[in-house]
file query-v9.pdb (PDB, C-alpha atoms)
ATOM      1  CA  MET A 569       0.000   0.000   0.000
ATOM      2  CA  ARG A 570       1.401   3.381  -1.041
ATOM      3  CA  ALA A 571       1.882   5.989   1.669
ATOM      4  CA  ALA A 572       1.668   9.041  -0.616
ATOM      5  CA  PRO A 573      -2.166   9.439  -0.408
ATOM      6  CA  PHE A 574      -2.101   9.288   3.390
ATOM      7  CA  ILE A 575       0.763  11.764   3.589
ATOM      8  CA  ALA A 576      -1.103  14.123   1.260
ATOM      9  CA  GLU A 577      -4.270  13.792   3.351
ATOM     10  CA  LEU A 578      -2.406  14.558   6.574
ATOM     11  CA  ARG A 579      -0.751  17.537   4.906
ATOM     12  CA  ASP A 580      -4.097  18.871   3.641
ATOM     13  CA  ARG A 581      -5.558  18.579   7.136
ATOM     14  CA  GLY A 582      -2.667  20.529   8.556
ATOM     15  CA  ARG A 583      -1.346  17.630  10.596
ATOM     16  CA  LEU A 584       1.942  17.752   8.686
ATOM     17  CA  THR A 585       3.858  20.753   7.445
ATOM     18  CA  PRO A 586       4.991  20.725   3.797
ATOM     19  CA  GLU A 587       8.571  20.182   4.953
ATOM     20  CA  GLN A 588       7.587  17.207   7.110
ATOM     21  CA  ALA A 589       5.487  15.703   4.321
ATOM     22  CA  ALA A 590       8.350  16.093   1.840
ATOM     23  CA  ALA A 591      10.798  14.475   4.265
ATOM     24  CA  ILE A 592       8.474  11.513   4.852
ATOM     25  CA  GLU A 593       7.873  11.051   1.113
ATOM     26  CA  THR A 594      11.610  11.121   0.462
ATOM     27  CA  ASP A 595      12.195   8.551   3.189
ATOM     28  CA  GLU A 596       9.477   6.288   1.765
ATOM     29  CA  ARG A 597      11.019   6.445  -1.714
ATOM     30  CA  THR A 598      14.629   5.919  -0.679
ATOM     31  CA  ARG A 599      14.230   3.545   2.272
ATOM     32  CA  PRO A 600      15.975   0.195   1.575
ATOM     33  CA  PHE A 601      13.679  -2.796   1.285
ATOM     34  CA  SER A 602      14.792  -5.724   3.425
ATOM     35  CA  LEU A 603      15.283  -9.042   1.628
ATOM     36  CA  HIS A 604      16.494 -10.829   4.753
ATOM     37  CA  TYR A 605      13.801 -13.481   4.961
ATOM     38  CA  GLU A 606      13.624 -13.929   1.190
ATOM     39  CA  ILE A 607      17.363 -14.618   1.041
ATOM     40  CA  ARG A 608      17.192 -17.019   3.989
ATOM     41  CA  THR A 609      14.342 -18.876   2.302
ATOM     42  CA  LEU A 610      16.270 -19.136  -0.967
ATOM     43  CA  LEU A 611      19.359 -20.400   0.846
ATOM     44  CA  TYR A 612      17.322 -22.995   2.719
ATOM     45  CA  LEU A 613      15.644 -24.158  -0.493
ATOM     46  CA  GLY A 614      19.022 -24.224  -2.210
ATOM     47  CA  ILE A 615      20.507 -26.460   0.474
ATOM     48  CA  THR A 616      17.490 -28.768   0.355
ATOM     49  CA  LEU A 617      17.530 -29.014  -3.439
ATOM     50  CA  LEU A 618      21.299 -29.475  -3.536
ATOM     51  CA  SER A 619      21.199 -32.285  -0.974
ATOM     52  CA  GLY A 620      18.313 -34.022  -2.717
ATOM     53  CA  GLY A 621      19.729 -33.507  -6.197
ATOM     54  CA  LEU A 622      23.113 -34.829  -5.148
ATOM     55  CA  GLY A 623      21.501 -37.969  -3.778
ATOM     56  CA  VAL A 624      19.492 -38.555  -6.967
ATOM     57  CA  LEU A 625      22.539 -37.914  -9.152
ATOM     58  CA  ILE A 626      24.650 -40.383  -7.199
ATOM     59  CA  TYR A 627      21.889 -42.988  -7.255
ATOM     60  CA  GLU A 628      21.381 -42.755 -11.029
ATOM     61  CA  HIS A 629      25.088 -42.771 -11.951
ATOM     62  CA  LEU A 630      26.503 -44.961  -9.214
ATOM     63  CA  ASP A 631      27.650 -47.685 -11.601
ATOM     64  CA  GLU A 632      29.420 -45.170 -13.820
ATOM     65  CA  LEU A 633      31.076 -43.218 -11.023
ATOM     66  CA  GLY A 634      32.101 -45.959  -8.642
ATOM     67  CA  HIS A 635      32.009 -45.941  -4.865
ATOM     68  CA  GLY A 636      35.418 -44.330  -4.494
ATOM     69  CA  VAL A 637      34.488 -41.324  -6.614
ATOM     70  CA  VAL A 638      31.218 -40.857  -4.736
ATOM     71  CA  VAL A 639      32.975 -40.942  -1.374
ATOM     72  CA  ALA A 640      35.652 -38.530  -2.586
ATOM     73  CA  VAL A 641      33.143 -36.026  -4.006
ATOM     74  CA  VAL A 642      30.940 -36.012  -0.905
ATOM     75  CA  ALA A 643      33.987 -35.791   1.368
ATOM     76  CA  LEU A 644      35.391 -32.842  -0.604
ATOM     77  CA  LEU A 645      32.059 -31.019  -0.536
ATOM     78  CA  THR A 646      31.769 -31.615   3.200
ATOM     79  CA  ALA A 647      35.300 -30.375   3.808
ATOM     80  CA  ALA A 648      34.695 -27.314   1.611
ATOM     81  CA  CYS A 649      31.565 -26.372   3.566
ATOM     82  CA  PHE A 650      33.317 -26.759   6.908
ATOM     83  CA  ALA A 651      36.376 -24.876   5.643
ATOM     84  CA  TYR A 652      34.317 -21.904   4.461
ATOM     85  CA  ALA A 653      32.396 -21.811   7.740
ATOM     86  CA  ALA A 654      35.648 -22.018   9.719
ATOM     87  CA  ARG A 655      37.209 -19.230   7.675
ATOM     88  CA  HIS A 656      34.291 -16.910   8.411
ATOM     89  CA  ARG A 657      33.669 -18.077  11.958
ATOM     90  CA  PRO A 658      32.991 -15.334  14.497
ATOM     91  CA  PRO A 659      34.930 -15.098  17.761
ATOM     92  CA  PHE A 660      33.594 -17.489  20.369
ATOM     93  CA  SER A 661      31.282 -16.055  22.985
ATOM     94  CA  TRP A 662      28.914 -17.518  25.561
ATOM     95  CA  GLY A 663      26.388 -14.899  24.466
ATOM     96  CA  LEU A 664      24.593 -14.359  21.180
ATOM     97  CA  VAL A 665      27.157 -13.828  18.428
ATOM     98  CA  ALA A 666      26.114 -10.994  16.132
ATOM     99  CA  GLY A 667      27.347 -10.226  12.655
ATOM    100  CA  SER A 668      27.994 -13.797  11.532
ATOM    101  CA  SER A 669      27.966 -14.575   7.820
ATOM    102  CA  LEU A 670      24.592 -15.774   6.579
ATOM    103  CA  LEU A 671      26.174 -17.877   3.840
ATOM    104  CA  ALA A 672      28.608 -19.426   6.316
ATOM    105  CA  ASP A 673      25.712 -20.420   8.579
ATOM    106  CA  TYR A 674      23.927 -22.235   5.785
ATOM    107  CA  LEU A 675      27.087 -23.846   4.449
ATOM    108  CA  LEU A 676      27.774 -25.144   7.951
ATOM    109  CA  LEU A 677      24.307 -26.671   7.973
ATOM    110  CA  LEU A 678      24.911 -28.148   4.517
ATOM    111  CA  GLY A 679      28.249 -29.538   5.682
ATOM    112  CA  CYS A 680      26.544 -31.308   8.579
ATOM    113  CA  LEU A 681      23.958 -32.823   6.241
ATOM    114  CA  LEU A 682      26.670 -33.964   3.840
ATOM    115  CA  PHE A 683      28.592 -35.451   6.755
ATOM    116  CA  LEU A 684      25.572 -37.591   7.580
ATOM    117  CA  VAL A 685      25.317 -38.614   3.919
ATOM    118  CA  LEU A 686      29.000 -39.540   3.869
ATOM    119  CA  GLU A 687      28.795 -41.485   7.113
ATOM    120  CA  GLY A 688      25.693 -43.368   6.017
ATOM    121  CA  TYR A 689      27.213 -44.189   2.642
ATOM    122  CA  LEU A 690      30.420 -45.501   4.194
ATOM    123  CA  GLN A 691      28.441 -47.642   6.617
ATOM    124  CA  ALA A 692      26.172 -49.014   3.883
ATOM    125  CA  GLN A 693      28.943 -49.814   1.403
ATOM    126  CA  TYR A 694      31.951 -50.586   3.568
ATOM    127  CA  ALA A 695      30.425 -51.333   7.010
ATOM    128  CA  LEU A 696      32.702 -48.684   8.493
ATOM    129  CA  PHE A 697      31.301 -49.110  12.005
ATOM    130  CA  GLY A 698      30.394 -52.769  11.676
ATOM    131  CA  THR A 699      27.624 -53.612  14.113
ATOM    132  CA  ARG A 700      28.498 -50.708  16.406
ATOM    133  CA  TYR A 701      25.507 -48.664  15.302
ATOM    134  CA  GLY A 702      25.605 -46.587  18.462
ATOM    135  CA  LEU A 703      29.013 -45.249  17.476
ATOM    136  CA  ALA A 704      27.589 -44.157  14.119
ATOM    137  CA  LEU A 705      25.112 -41.960  16.011
ATOM    138  CA  ALA A 706      27.373 -40.846  18.856
ATOM    139  CA  LEU A 707      29.991 -39.496  16.437
ATOM    140  CA  PRO A 708      27.736 -36.955  14.666
ATOM    141  CA  ALA A 709      26.072 -36.062  17.981
ATOM    142  CA  GLY A 710      29.405 -35.092  19.536
ATOM    143  CA  LEU A 711      30.572 -33.288  16.400
ATOM    144  CA  PHE A 712      27.342 -31.341  15.999
ATOM    145  CA  PHE A 713      27.290 -30.261  19.643
ATOM    146  CA  TYR A 714      30.808 -28.891  19.253
ATOM    147  CA  LEU A 715      29.965 -27.101  15.998
ATOM    148  CA  ALA A 716      26.732 -25.694  17.424
ATOM    149  CA  TYR A 717      28.527 -24.073  20.353
ATOM    150  CA  ARG A 718      31.594 -23.024  18.394
ATOM    151  CA  PHE A 719      29.639 -21.416  15.551
ATOM    152  CA  ASP A 720      26.611 -20.379  17.628
ATOM    153  CA  HIS A 721      24.208 -22.288  15.365
ATOM    154  CA  ARG A 722      20.819 -23.369  16.705
ATOM    155  CA  GLY A 723      20.027 -25.422  13.609
ATOM    156  CA  VAL A 724      23.087 -27.604  14.161
ATOM    157  CA  LEU A 725      22.161 -27.809  17.849
ATOM    158  CA  SER A 726      18.799 -29.306  16.852
ATOM    159  CA  MET A 727      20.606 -31.892  14.727
ATOM    160  CA  ALA A 728      22.901 -32.710  17.653
ATOM    161  CA  ILE A 729      19.958 -33.211  20.003
ATOM    162  CA  THR A 730      18.247 -35.442  17.444
ATOM    163  CA  ALA A 731      21.381 -37.559  17.060
ATOM    164  CA  LEU A 732      21.724 -37.778  20.847
ATOM    165  CA  ALA A 733      18.142 -38.985  21.253
ATOM    166  CA  ALA A 734      18.617 -41.552  18.479
ATOM    167  CA  TRP A 735      21.845 -42.794  20.076
ATOM    168  CA  VAL A 736      20.191 -43.237  23.470
ATOM    169  CA  GLY A 737      17.228 -45.061  21.954
ATOM    170  CA  LEU A 738      19.453 -47.369  19.928
ATOM    171  CA  SER A 739      21.671 -48.069  22.929
ATOM    172  CA  VAL A 740      18.697 -49.009  25.107
ATOM    173  CA  GLU A 741      16.841 -51.124  22.528
ATOM    174  CA  PRO A 742      19.230 -51.986  19.673
ATOM    175  CA  LEU A 743      16.750 -54.390  18.054
ATOM    176  CA  ALA A 744      13.676 -52.159  18.336
ATOM    177  CA  VAL A 745      14.315 -50.685  14.880
ATOM    178  CA  PHE A 746      14.324 -54.093  13.228
ATOM    179  CA  LYS A 747      11.240 -55.264  15.148
ATOM    180  CA  ASN A 748       9.378 -51.987  14.534
ATOM    181  CA  GLU A 749       8.762 -51.691  18.281
ATOM    182  CA  PHE A 750       9.528 -48.122  19.182
ATOM    183  CA  LEU A 751       7.264 -47.646  22.203
ATOM    184  CA  THR A 752       8.496 -50.102  24.794
ATOM    185  CA  GLY A 753       8.948 -49.556  28.492
ATOM    186  CA  SER A 754      12.726 -49.202  28.306
ATOM    187  CA  VAL A 755      12.607 -46.861  25.300
ATOM    188  CA  SER A 756       9.944 -44.737  26.991
ATOM    189  CA  ARG A 757      11.989 -44.433  30.177
ATOM    190  CA  ALA A 758      15.089 -43.519  28.160
ATOM    191  CA  ALA A 759      13.193 -40.901  26.140
ATOM    192  CA  ILE A 760      11.746 -39.354  29.298
ATOM    193  CA  ALA A 761      15.222 -39.269  30.831
ATOM    194  CA  VAL A 762      16.694 -37.587  27.729
ATOM    195  CA  GLY A 763      13.840 -35.079  27.714
ATOM    196  CA  ALA A 764      14.480 -34.278  31.370
ATOM    197  CA  LEU A 765      18.197 -33.910  30.623
ATOM    198  CA  LEU A 766      17.448 -31.462  27.806
ATOM    199  CA  LEU A 767      15.126 -29.470  30.060
ATOM    200  CA  LEU A 768      17.913 -29.329  32.623
ATOM    201  CA  GLY A 769      20.300 -28.176  29.900
ATOM    202  CA  GLY A 770      17.942 -25.366  28.945
ATOM    203  CA  TRP A 771      17.556 -24.297  32.567
ATOM    204  CA  LEU A 772      21.328 -24.294  33.078
ATOM    205  CA  SER A 773      21.825 -22.293  29.883
ATOM    206  CA  GLU A 774      19.648 -19.532  31.276
ATOM    207  CA  THR A 775      20.734 -19.570  34.895
ATOM    208  CA  ARG A 776      24.461 -19.924  34.158
ATOM    209  CA  HIS A 777      24.313 -17.494  31.207
ATOM    210  CA  ARG A 778      25.926 -19.992  28.843
ATOM    211  CA  LYS A 779      24.354 -19.560  25.407
ATOM    212  CA  VAL A 780      21.089 -18.282  26.852
ATOM    213  CA  HIS A 781      19.487 -18.259  23.394
ATOM    214  CA  PHE A 782      20.048 -22.037  23.178
ATOM    215  CA  ALA A 783      17.606 -22.522  26.060
ATOM    216  CA  TYR A 784      14.647 -22.161  23.688
ATOM    217  CA  THR A 785      15.830 -25.120  21.580
ATOM    218  CA  TYR A 786      16.642 -27.266  24.604
ATOM    219  CA  LEU A 787      13.314 -26.593  26.294
ATOM    220  CA  LEU A 788      11.240 -26.966  23.137
ATOM    221  CA  LEU A 789      12.758 -30.270  22.015
ATOM    222  CA  GLY A 790      13.194 -31.628  25.527
ATOM    223  CA  GLY A 791       9.685 -30.692  26.586
ATOM    224  CA  ASN A 792       8.123 -32.238  23.486
ATOM    225  CA  LEU A 793      10.200 -35.398  23.851
ATOM    226  CA  LEU A 794       9.368 -35.879  27.520
ATOM    227  CA  LEU A 795       5.705 -34.935  27.313
ATOM    228  CA  GLY A 796       5.081 -36.726  24.023
ATOM    229  CA  THR A 797       6.664 -39.938  25.282
ATOM    230  CA  ALA A 798       4.939 -39.766  28.659
ATOM    231  CA  THR A 799       1.571 -39.125  26.996
ATOM    232  CA  ALA A 800       2.023 -42.030  24.578
ATOM    233  CA  ALA A 801       3.128 -44.291  27.436
ATOM    234  CA  MET A 802       0.086 -43.186  29.414
ATOM    235  CA  PHE A 803      -2.306 -44.228  26.639
ATOM    236  CA  THR A 804      -0.546 -47.505  25.807
ATOM    237  CA  GLU A 805       0.120 -48.346  29.475
ATOM    238  CA  VAL A 806       3.721 -49.389  28.846
ATOM    239  CA  LEU A 807       4.718 -47.549  32.022
ATOM    240  CA  GLN A 808       3.129 -47.760  35.435
ATOM    241  CA  PRO A 809       1.786 -46.364  37.681
ATOM    242  CA  LEU A 810      -0.613 -44.182  35.729
ATOM    243  CA  ALA A 811      -0.932 -41.595  38.498
ATOM    244  CA  LEU A 812       2.812 -40.921  38.433
ATOM    245  CA  LEU A 813       2.751 -40.329  34.674
ATOM    246  CA  VAL A 814      -0.174 -37.926  34.989
ATOM    247  CA  ILE A 815       1.576 -35.999  37.764
ATOM    248  CA  LEU A 816       4.786 -35.858  35.714
ATOM    249  CA  ILE A 817       2.982 -34.525  32.638
ATOM    250  CA  LEU A 818       1.065 -31.946  34.663
ATOM    251  CA  ALA A 819       4.224 -30.771  36.441
ATOM    252  CA  VAL A 820       6.262 -30.368  33.243
ATOM    253  CA  SER A 821       3.303 -28.768  31.454
ATOM    254  CA  ALA A 822       2.969 -26.253  34.279
ATOM    255  CA  GLY A 823       6.678 -25.498  33.990
ATOM    256  CA  LEU A 824       6.425 -24.885  30.242
ATOM    257  CA  PHE A 825       3.342 -22.718  30.799
ATOM    258  CA  TRP A 826       5.222 -20.649  33.366
ATOM    259  CA  TYR A 827       8.205 -20.337  31.038
ATOM    260  CA  GLY A 828       5.937 -19.254  28.196
ATOM    261  CA  ARG A 829       4.535 -16.442  30.323
ATOM    262  CA  ARG A 830       7.998 -15.381  31.412
ATOM    263  CA  VAL A 831       9.454 -15.178  27.894
ATOM    264  CA  HIS A 832       6.168 -14.110  26.237
ATOM    265  CA  SER A 833       5.990 -17.234  24.057
ATOM    266  CA  HIS A 834       2.647 -18.394  22.684
ATOM    267  CA  LEU A 835       4.177 -21.719  21.667
ATOM    268  CA  PHE A 836       5.174 -22.765  25.180
ATOM    269  CA  LEU A 837       1.799 -21.667  26.528
ATOM    270  CA  LEU A 838       0.043 -23.840  23.950
ATOM    271  CA  LEU A 839       2.331 -26.801  24.624
ATOM    272  CA  GLY A 840       1.832 -26.614  28.367
ATOM    273  CA  ALA A 841      -1.925 -26.174  28.109
ATOM    274  CA  THR A 842      -2.409 -28.925  25.504
ATOM    275  CA  TYR A 843      -0.341 -31.626  27.186
ATOM    276  CA  GLY A 844      -1.720 -30.700  30.586
ATOM    277  CA  TYR A 845      -5.319 -30.832  29.369
ATOM    278  CA  VAL A 846      -4.831 -34.245  27.740
ATOM    279  CA  ALA A 847      -3.218 -35.720  30.858
ATOM    280  CA  LEU A 848      -5.791 -34.219  33.216
ATOM    281  CA  THR A 849      -8.698 -35.389  31.067
ATOM    282  CA  TYR A 850      -7.363 -38.915  30.724
ATOM    283  CA  GLY A 851      -6.545 -39.152  34.412
ATOM    284  CA  LEU A 852      -9.999 -37.954  35.453
ATOM    285  CA  ALA A 853     -11.653 -40.322  32.981
ATOM    286  CA  GLN A 854      -9.748 -43.272  34.411
ATOM    287  CA  LEU A 855     -10.537 -42.191  37.958
ATOM    288  CA  LEU A 856     -14.256 -41.763  37.289
ATOM    289  CA  SER A 857     -14.524 -45.036  35.392
ATOM    290  CA  ALA A 858     -12.852 -46.854  38.290
ATOM    291  CA  THR A 859     -15.435 -45.578  40.772
ATOM    292  CA  GLY A 860     -18.335 -47.198  38.917
ATOM    293  CA  LEU A 861     -20.776 -44.481  40.000
ATOM    294  CA  ASN A 862     -23.885 -43.632  38.017
ATOM    295  CA  ILE A 863     -23.022 -39.961  37.985
ATOM    296  CA  VAL A 864     -19.883 -40.554  35.925
ATOM    297  CA  LEU A 865     -21.631 -39.680  32.660
ATOM    298  CA  ALA A 866     -23.108 -36.487  34.089
ATOM    299  CA  LEU A 867     -19.800 -35.416  35.612
ATOM    300  CA  GLY A 868     -18.012 -36.150  32.352
ATOM    301  CA  LEU A 869     -20.546 -34.098  30.420
ATOM    302  CA  TYR A 870     -20.149 -31.111  32.739
ATOM    303  CA  TYR A 871     -16.380 -31.469  32.597
ATOM    304  CA  PHE A 872     -16.238 -31.358  28.805
ATOM    305  CA  ILE A 873     -18.582 -28.382  28.696
ATOM    306  CA  GLY A 874     -16.481 -26.548  31.261
ATOM    307  CA  SER A 875     -13.207 -27.493  29.575
ATOM    308  CA  THR A 876     -14.528 -26.319  26.207
ATOM    309  CA  VAL A 877     -15.428 -22.948  27.695
ATOM    310  CA  ALA A 878     -12.004 -22.791  29.350
ATOM    311  CA  ALA A 879     -10.276 -23.637  26.048
ATOM    312  CA  VAL A 880     -12.158 -20.876  24.225
ATOM    313  CA  TRP A 881     -11.270 -18.410  26.976
ATOM    314  CA  PHE A 882      -7.634 -19.509  26.844
ATOM    315  CA  LEU A 883      -7.350 -19.038  23.083
ATOM    316  CA  THR A 884      -9.084 -15.663  23.130
ATOM    317  CA  HIS A 885      -6.867 -14.436  25.986
ATOM    318  CA  LEU A 886      -3.652 -16.058  24.755
ATOM    319  CA  LYS A 887      -1.982 -12.760  23.949
ATOM    320  CA  ARG A 888      -2.823 -11.365  27.371
ATOM    321  CA  LEU A 889      -1.633 -14.514  29.137
ATOM    322  CA  ALA A 890       1.664 -14.378  27.281
ATOM    323  CA  GLY A 891       2.001 -10.683  28.063
ATOM    324  CA  THR A 892       2.766 -10.021  24.413
ATOM    325  CA  ALA A 893       1.002  -6.679  24.189
ATOM    326  CA  ALA A 894       2.648  -5.316  27.327
ATOM    327  CA  HIS A 895       6.016  -6.663  26.203
ATOM    328  CA  GLU A 896       5.726  -4.969  22.803
ATOM    329  CA  GLN A 897       4.871  -1.679  24.486
ATOM    330  CA  GLY A 898       7.840  -2.000  26.822
ATOM    331  CA  LEU A 899       5.696  -2.156  29.962
TER     332      LEU A 899
END
call {"tool": "encode", "arguments": {"input": "query-v9.pdb", "output": "structure tokens"}}
result
Amino acid sequence: MRAAPFIAELRDRGRLTPEQAAAIETDERTRPFSLHYEIRTLLYLGITLLSGGLGVLIYEHLDELGHGVVVAVVALLTAACFAYAARHRPPFSWGLVAGSSLLADYLLLLGCLLFLVLEGYLQAQYALFGTRYGLALALPAGLFFYLAYRFDHRGVLSMAITALAAWVGLSVEPLAVFKNEFLTGSVSRAAIAVGALLLLGGWLSETRHRKVHFAYTYLLLGGNLLLGTATAAMFTEVLQPLALLVILILAVSAGLFWYGRRVHSHLFLLLGATYGYVALTYGLAQLLSATGLNIVLALGLYYFIGSTVAAVWFLTHLKRLAGTAAHEQGL
């Protein structure tokens, strides 16, 4: 929408002097237009297309190229990405590093993806790690954690956390992948423990002022892992007792809700409210069904009516609960 008609209207009403109107019009014409998000989107799409295209190209011409050439090309590309990122790396700081190269950030991410491709290819063709599958996951996890902290990269941190969770799951139940049994008691306990560890990492990041901006990633992934696993275990009854799971979910949900209010985050408010509502509803349903009273249906009906009203109120007052408006106004 052009600003010239509004400026002219304000000038005609005497709200702006001719000099002020001319200055505003000049600023509107000469103000640089930010392409920050457009460039980031193009870089992200470029990395995705390059990774996918490289995989298709290798697959279609594998017989012509040979395994050695494929390994050499992927290794050189990986090394080139890491070398460029290292050359443009900012000085290390426990705080948020400003002024880092946008291209270097995305090439670092591409290098990590290519490293996974290289590692997987070597394992598939040459059995580099043999049957030590845990080592194949622990190696990228350790590398990505180091790169995330050294280059202050939250995307690489997410990859490191994912590799860590996969390594723990594979170490606890090494045959679960082959049996397609991912939700067992031991896997659930391990996932809850990893989620709690990530939540602790996020809390320490904030309280110890060590990469405070990493706390968001730790808390988001850790909270989802813990609450998602505990909720699934609650429904499938792979963990007992049920009351302890419900209390755990409600406690962590309350913590995420409190954190969402403190940092003015709608996402954490929604996560805390959603997981907490599911756990509370399921726990009450199990409790009422165990009593065998005739008023269970009536109580359940009133509960769902009341919870629906509460959900509508929560969504309509989400901005106020998060304190977003006051935060934007600097209050």
call {"tool": "residues_around", "arguments": {"input": "query-v9.pdb", "residues": "Leu787 (chain A)", "least_positions_apart": "5", "cutoff": "12 Å", "atoms": "only C-alpha atoms", "output": "ChimeraX atom specification"}}
result
/A:726,729,762-774,780-782,792-795,820-821,823-825,827-828,835-836,839-840
call {"tool": "atom_distance", "arguments": {"input": "query-v9.pdb", "atom1": "CA of Arg718 (chain A)", "atom2": "CA of Phe660 (chain A)"}}
result
6.2 Å
call {"tool": "atom_distance", "arguments": {"input": "query-v9.pdb", "atom1": "CA of Ala798 (chain A)", "atom2": "CA of Arg757 (chain A)"}}
result
8.6 Å
call {"tool": "closest_residue", "arguments": {"input": "query-v9.pdb", "among": "A:Ala654, A:Ala841, A:Leu725, A:Ala733", "to": "Ala879 (chain A)", "atoms": "all atoms listed in the file"}}
result
A:Ala841
call {"tool": "atom_distance", "arguments": {"input": "query-v9.pdb", "atom1": "CA of Ser619 (chain A)", "atom2": "CA of Leu664 (chain A)"}}
result
28.7 Å
call {"tool": "residues_around", "arguments": {"input": "query-v9.pdb", "residues": "Tyr612 (chain A)", "least_positions_apart": "2", "cutoff": "12 Å", "atoms": "all atoms listed in the file", "output": "PyMOL selection string"}}
result
chain A and resi 605-610+614-619+670-671+673-678+723
call {"tool": "residues_around", "arguments": {"input": "query-v9.pdb", "residues": "Trp662 (chain A)", "least_positions_apart": "4", "cutoff": "9 Å", "atoms": "all atoms listed in the file", "output": "list in words"}}
result
Tyr717, Asp720, His777, Arg778, Lys779 and Val780 of chain A
call {"tool": "write_last_selection", "arguments": {"input": "query-v9.pdb", "atoms": "C-alpha atoms", "output": "PDB file, in the coordinates of the input"}}
result
ATOM      1  CA  TYR A 717      28.527 -24.073  20.353  1.00  0.00           C
ATOM      2  CA  ASP A 720      26.611 -20.379  17.628  1.00  0.00           C
ATOM      3  CA  HIS A 777      24.313 -17.494  31.207  1.00  0.00           C
ATOM      4  CA  ARG A 778      25.926 -19.992  28.843  1.00  0.00           C
ATOM      5  CA  LYS A 779      24.354 -19.560  25.407  1.00  0.00           C
ATOM      6  CA  VAL A 780      21.089 -18.282  26.852  1.00  0.00           C
TER       7      VAL A 780
END
call {"tool": "resolve_selection", "arguments": {"input": "query-v9.pdb", "expression": "the PyMOL selection byres ((chain A and resi 587-591) around 12)", "output": "ChimeraX atom specification"}}
result
/A:571-586,592-599
call {"tool": "closest_residue", "arguments": {"input": "query-v9.pdb", "among": "A:Gly796, A:Pro809, A:Gly663, A:Gly623", "to": "Ala783 (chain A)", "atoms": "only C-alpha atoms"}}
result
A:Gly663
call {"tool": "decode", "arguments": {"input": "query-v9.pdb", "residues": "region 718-733 of chain A", "atoms": "N, CA and C atoms", "output": "compact mmCIF listing (two decimals), in the first residue's frame"}}
result
# COMPACT_ATOMS: atom_id res chain seq x y z
N ARG A 718 30.48 -23.81 18.94
CA ARG A 718 31.59 -23.02 18.39
C ARG A 718 31.12 -21.98 17.40
N PHE A 719 30.12 -22.33 16.59
CA PHE A 719 29.64 -21.42 15.55
C PHE A 719 28.32 -20.74 15.93
N ASP A 720 27.84 -21.01 17.14
CA ASP A 720 26.61 -20.38 17.63
C ASP A 720 25.45 -20.63 16.65
N HIS A 721 25.18 -21.90 16.39
CA HIS A 721 24.21 -22.29 15.37
C HIS A 721 23.13 -23.16 16.00
N ARG A 722 21.91 -22.63 16.08
CA ARG A 722 20.82 -23.37 16.71
C ARG A 722 20.29 -24.49 15.81
N GLY A 723 20.44 -24.34 14.50
CA GLY A 723 20.03 -25.42 13.61
C GLY A 723 20.88 -26.66 13.80
N VAL A 724 22.18 -26.48 13.91
CA VAL A 724 23.09 -27.60 14.16
C VAL A 724 22.85 -28.18 15.56
N LEU A 725 22.49 -27.32 16.51
CA LEU A 725 22.16 -27.81 17.85
C LEU A 725 20.96 -28.75 17.80
N SER A 726 19.96 -28.42 16.99
CA SER A 726 18.80 -29.31 16.85
C SER A 726 19.20 -30.65 16.27
N MET A 727 20.12 -30.64 15.30
CA MET A 727 20.61 -31.89 14.73
C MET A 727 21.37 -32.70 15.77
N ALA A 728 22.15 -32.02 16.61
CA ALA A 728 22.90 -32.71 17.65
C ALA A 728 21.97 -33.36 18.66
N ILE A 729 20.92 -32.65 19.04
CA ILE A 729 19.96 -33.21 20.00
C ILE A 729 19.24 -34.41 19.40
N THR A 730 18.90 -34.32 18.12
CA THR A 730 18.25 -35.44 17.44
C THR A 730 19.16 -36.66 17.41
N ALA A 731 20.43 -36.45 17.09
CA ALA A 731 21.38 -37.56 17.06
C ALA A 731 21.58 -38.15 18.45
N LEU A 732 21.59 -37.29 19.47
CA LEU A 732 21.72 -37.78 20.85
C LEU A 732 20.54 -38.66 21.24
N ALA A 733 19.33 -38.20 20.92
CA ALA A 733 18.14 -38.98 21.25
C ALA A 733 18.14 -40.32 20.51
